[in-house]
Amino acid sequence: DLGKVFQGVLMADPKQMGGSPSALIRLWVHECRRVFRDRLVSDEDSGWFDKQTGRLVHEWFRREWVDVVRDGGVDESTAQGGEEARLLFGDYMARGTDTKVYAEVKDMGALVRTMVESLDDYNAQTKSPMNLVLFMDAIEHVSRVS
């Protein structure tokens with residue numbers, strides 16, 4: 001499973017990271033959440049995971065979690081504690097192109113539109129359409145499993 005974290009980190013395009021240590025840390029946290037945190041079933045366990053991640057960011061990267069998330073464009077009130085910050089990376093934002101770039105998703109509005117469009121495309125092509133309500137937690141989950 002640790003290999004999946006490294007595999008995810010290596011999928012990112014360094015040019016998209018902009019040479020920012022904070023961007024690399026956000027990518028690492030995203031991959032750890034995707035591989036490990038998504039298996040946890042209780043809010044208590046997820047909170048514990050987030051606290052441990054914040055501690056590791058401080059201990060090994062010498063950065064405060066709030067600063068790392070703020071560098072990614074998230075305001076400080078959202079970044080407190082780590083668990084509320086939405087860190088998403090994916091290769092699905094550039095629809096209609098053959099080139100897939102694994103990059104940080106910073107525009108949540110664009111993410112919602114992309115997911116709704118993808119669902120609409122799927123529903124137009126299938127005999128069994130899915131009438132889903134795409135709230136942010138569901139979109140975040142789909143983002144991590146895609």
# chains A, B, ... in the order shown; residues from 1 in each chain; ligands from 1
call {"tool": "select_by_dssp", "arguments": {"residues": "segment 1-129 of chain A", "states": "strand (DSSP E or B)", "output": "list of chain:residue names"}}
result
A:Ala12, A:Phe89, A:Gly90, A:Tyr102, A:Ala103, A:Glu104
call {"tool": "residues_around", "arguments": {"residues": "segment 106-117 of chain A", "least_positions_apart": "4", "cutoff": "9 Å", "atoms": "only C-alpha atoms", "output": "list in words"}}
result
Gly72, Gly73, Val74, Arg86, Leu87, Leu88, Phe89, Tyr92, Met93, Ala94, Arg95, Asp121, Tyr122, Leu134, Phe135, Met136, Ile139, Val142 and Ser143 of chain A
call {"tool": "closest_residue", "arguments": {"among": "A:Lys15, A:Arg33, A:Arg26, A:Arg55", "to": "Leu2 of chain A", "atoms": "only C-alpha atoms"}}
result
A:Arg33
call {"tool": "closest_atom_pairs", "arguments": {"of": "segment 102-133 of chain A", "to": "segment 3-11 of chain A", "cutoff": "12 Å", "atoms": "only C-alpha atoms", "output": "tab-separated table"}}
result
residue	atom	partner	partner_atom	distance
A:Tyr102	CA	A:Met11	CA	6.2
A:Ala103	CA	A:Met11	CA	8.8
A:Glu104	CA	A:Val9	CA	11.4
call {"tool": "residues_around", "arguments": {"residues": "Gln52 of chain A", "least_positions_apart": "4", "cutoff": "12 Å", "atoms": "only C-alpha atoms", "output": "PyMOL selection string"}}
result
chain A and resi 29+32-33+37+45-48+56-60+65+81-83
call {"tool": "write_last_selection", "arguments": {"atoms": "N, CA and C atoms", "output": "compact mmCIF listing (two decimals), in the first residue's frame"}}
result
# COMPACT_ATOMS: atom_id res chain seq x y z
N VAL A 29 0.04 14.35 1.07
CA VAL A 29 -1.10 14.21 1.98
C VAL A 29 -2.31 13.66 1.22
N CYS A 32 -1.78 9.97 0.71
CA CYS A 32 -1.95 9.23 1.96
C CYS A 32 -3.42 9.12 2.33
N ARG A 33 -4.16 10.20 2.14
CA ARG A 33 -5.60 10.16 2.40
C ARG A 33 -6.28 9.18 1.46
N ARG A 37 -6.58 6.83 4.54
CA ARG A 37 -7.69 7.44 5.28
C ARG A 37 -9.05 6.98 4.76
N ASP A 45 -11.64 8.03 13.88
CA ASP A 45 -10.43 7.50 13.24
C ASP A 45 -9.88 8.45 12.18
N SER A 46 -10.78 9.04 11.40
CA SER A 46 -10.35 10.00 10.38
C SER A 46 -9.71 11.22 11.02
N GLY A 47 -10.28 11.69 12.12
CA GLY A 47 -9.70 12.81 12.86
C GLY A 47 -8.31 12.47 13.39
N TRP A 48 -8.17 11.26 13.90
CA TRP A 48 -6.86 10.80 14.38
C TRP A 48 -5.85 10.81 13.22
N LEU A 56 3.12 14.80 11.26
CA LEU A 56 4.21 14.38 10.37
C LEU A 56 4.66 15.50 9.45
N VAL A 57 3.72 16.29 8.97
CA VAL A 57 4.08 17.44 8.13
C VAL A 57 4.98 18.38 8.93
N HIS A 58 4.63 18.61 10.17
CA HIS A 58 5.44 19.49 11.02
C HIS A 58 6.80 18.86 11.33
N GLU A 59 6.78 17.59 11.71
CA GLU A 59 8.01 16.92 12.15
C GLU A 59 9.01 16.70 11.01
N TRP A 60 8.55 16.24 9.86
CA TRP A 60 9.45 15.86 8.79
C TRP A 60 9.67 16.94 7.74
N TRP A 65 0.76 22.81 9.10
CA TRP A 65 -0.30 22.36 8.22
C TRP A 65 -1.08 23.53 7.62
N GLY A 81 -6.98 22.39 11.52
CA GLY A 81 -7.18 20.99 11.85
C GLY A 81 -6.88 20.04 10.71
N GLY A 82 -6.90 20.48 9.50
CA GLY A 82 -6.55 19.63 8.37
C GLY A 82 -7.70 18.85 7.79
N GLU A 83 -8.65 18.41 8.63
CA GLU A 83 -9.67 17.53 8.13
C GLU A 83 -10.66 18.22 7.20
call {"tool": "closest_residue", "arguments": {"among": "A:Lys51, A:Arg39, A:Arg62, A:Arg34", "to": "Ser22 of chain A", "atoms": "only C-alpha atoms"}}
result
A:Arg62
call {"tool": "closest_residue", "arguments": {"among": "A:Lys127, A:Asp1, A:Val101, A:Phe49", "to": "Pro14 of chain A", "atoms": "only C-alpha atoms"}}
result
A:Val101
call {"tool": "select_by_dssp", "arguments": {"residues": "segment 16-140 of chain A", "states": "helix (DSSP H, G or I)", "output": "ChimeraX atom specification"}}
result
/A:16-17,21-35,37-39,43-61,65-71,76-79,108-125,136-140
call {"tool": "decode", "arguments": {"residues": "segment 15-38 of chain A", "atoms": "N, CA, C and O atoms", "output": "JSON list (two decimals), in the first residue's frame"}}
result
[["chain", "number", "residue", "atom", "x", "y", "z"],
["A", 15, "LYS", "N", 6.27, 20.14, -13.43],
["A", 15, "LYS", "CA", 6.00, 21.49, -13.94],
["A", 15, "LYS", "C", 4.71, 22.05, -13.34],
["A", 15, "LYS", "O", 4.60, 23.25, -13.12],
["A", 16, "GLN", "N", 3.75, 21.18, -13.09],
["A", 16, "GLN", "CA", 2.49, 21.61, -12.50],
["A", 16, "GLN", "C", 2.66, 21.99, -11.03],
["A", 16, "GLN", "O", 1.84, 22.71, -10.47],
["A", 17, "MET", "N", 3.71, 21.47, -10.41],
["A", 17, "MET", "CA", 3.95, 21.73, -8.99],
["A", 17, "MET", "C", 4.58, 23.10, -8.78],
["A", 17, "MET", "O", 4.57, 23.63, -7.69],
["A", 18, "GLY", "N", 5.17, 23.65, -9.81],
["A", 18, "GLY", "CA", 5.72, 24.99, -9.73],
["A", 18, "GLY", "C", 6.92, 25.12, -8.81],
["A", 18, "GLY", "O", 7.23, 26.21, -8.34],
["A", 19, "GLY", "N", 7.60, 24.03, -8.51],
["A", 19, "GLY", "CA", 8.76, 24.10, -7.63],
["A", 19, "GLY", "C", 8.42, 24.40, -6.18],
["A", 19, "GLY", "O", 9.28, 24.76, -5.39],
["A", 20, "SER", "N", 7.15, 24.25, -5.83],
["A", 20, "SER", "CA", 6.70, 24.58, -4.48],
["A", 20, "SER", "C", 6.77, 23.37, -3.55],
["A", 20, "SER", "O", 6.12, 22.35, -3.81],
["A", 21, "PRO", "N", 7.55, 23.47, -2.46],
["A", 21, "PRO", "CA", 7.56, 22.38, -1.49],
["A", 21, "PRO", "C", 6.17, 22.12, -0.91],
["A", 21, "PRO", "O", 5.79, 20.97, -0.67],
["A", 22, "SER", "N", 5.39, 23.17, -0.72],
["A", 22, "SER", "CA", 4.04, 23.00, -0.17],
["A", 22, "SER", "C", 3.16, 22.19, -1.11],
["A", 22, "SER", "O", 2.34, 21.40, -0.67],
["A", 23, "ALA", "N", 3.32, 22.38, -2.42],
["A", 23, "ALA", "CA", 2.54, 21.62, -3.38],
["A", 23, "ALA", "C", 2.88, 20.14, -3.30],
["A", 23, "ALA", "O", 1.98, 19.28, -3.36],
["A", 24, "LEU", "N", 4.15, 19.82, -3.13],
["A", 24, "LEU", "CA", 4.56, 18.42, -3.00],
["A", 24, "LEU", "C", 4.00, 17.83, -1.71],
["A", 24, "LEU", "O", 3.55, 16.68, -1.69],
["A", 25, "ILE", "N", 4.01, 18.59, -0.65],
["A", 25, "ILE", "CA", 3.46, 18.11, 0.63],
["A", 25, "ILE", "C", 1.96, 17.87, 0.48],
["A", 25, "ILE", "O", 1.43, 16.85, 0.95],
["A", 26, "ARG", "N", 1.23, 18.79, -0.18],
["A", 26, "ARG", "CA", -0.20, 18.60, -0.39],
["A", 26, "ARG", "C", -0.46, 17.34, -1.21],
["A", 26, "ARG", "O", -1.38, 16.58, -0.93],
["A", 27, "LEU", "N", 0.37, 17.09, -2.23],
["A", 27, "LEU", "CA", 0.24, 15.88, -3.03],
["A", 27, "LEU", "C", 0.44, 14.65, -2.17],
["A", 27, "LEU", "O", -0.33, 13.69, -2.25],
["A", 28, "TRP", "N", 1.47, 14.66, -1.34],
["A", 28, "TRP", "CA", 1.75, 13.52, -0.46],
["A", 28, "TRP", "C", 0.57, 13.28, 0.49],
["A", 28, "TRP", "O", 0.14, 12.13, 0.67],
["A", 29, "VAL", "N", 0.04, 14.35, 1.07],
["A", 29, "VAL", "CA", -1.10, 14.21, 1.98],
["A", 29, "VAL", "C", -2.31, 13.66, 1.22],
["A", 29, "VAL", "O", -3.00, 12.76, 1.71],
["A", 30, "HIS", "N", -2.56, 14.17, 0.02],
["A", 30, "HIS", "CA", -3.67, 13.67, -0.79],
["A", 30, "HIS", "C", -3.53, 12.17, -1.02],
["A", 30, "HIS", "O", -4.48, 11.41, -0.87],
["A", 31, "GLU", "N", -2.34, 11.73, -1.40],
["A", 31, "GLU", "CA", -2.13, 10.31, -1.68],
["A", 31, "GLU", "C", -2.27, 9.46, -0.42],
["A", 31, "GLU", "O", -2.84, 8.38, -0.47],
["A", 32, "CYS", "N", -1.78, 9.97, 0.71],
["A", 32, "CYS", "CA", -1.95, 9.23, 1.96],
["A", 32, "CYS", "C", -3.42, 9.12, 2.33],
["A", 32, "CYS", "O", -3.88, 8.06, 2.78],
["A", 33, "ARG", "N", -4.16, 10.20, 2.14],
["A", 33, "ARG", "CA", -5.60, 10.16, 2.40],
["A", 33, "ARG", "C", -6.28, 9.18, 1.46],
["A", 33, "ARG", "O", -7.15, 8.40, 1.87],
["A", 34, "ARG", "N", -5.91, 9.21, 0.20],
["A", 34, "ARG", "CA", -6.53, 8.35, -0.80],
["A", 34, "ARG", "C", -6.29, 6.88, -0.49],
["A", 34, "ARG", "O", -7.19, 6.05, -0.57],
["A", 35, "VAL", "N", -5.07, 6.55, -0.10],
["A", 35, "VAL", "CA", -4.70, 5.16, 0.12],
["A", 35, "VAL", "C", -5.11, 4.66, 1.50],
["A", 35, "VAL", "O", -5.63, 3.54, 1.63],
["A", 36, "PHE", "N", -4.91, 5.46, 2.54],
["A", 36, "PHE", "CA", -5.12, 4.98, 3.90],
["A", 36, "PHE", "C", -6.38, 5.52, 4.58],
["A", 36, "PHE", "O", -7.16, 4.77, 5.15],
["A", 37, "ARG", "N", -6.58, 6.83, 4.54],
["A", 37, "ARG", "CA", -7.69, 7.44, 5.28],
["A", 37, "ARG", "C", -9.05, 6.98, 4.76],
["A", 37, "ARG", "O", -9.99, 6.84, 5.53],
["A", 38, "ASP", "N", -9.16, 6.76, 3.47],
["A", 38, "ASP", "CA", -10.44, 6.35, 2.90],
["A", 38, "ASP", "C", -10.91, 4.99, 3.41],
["A", 38, "ASP", "O", -12.07, 4.65, 3.27]]
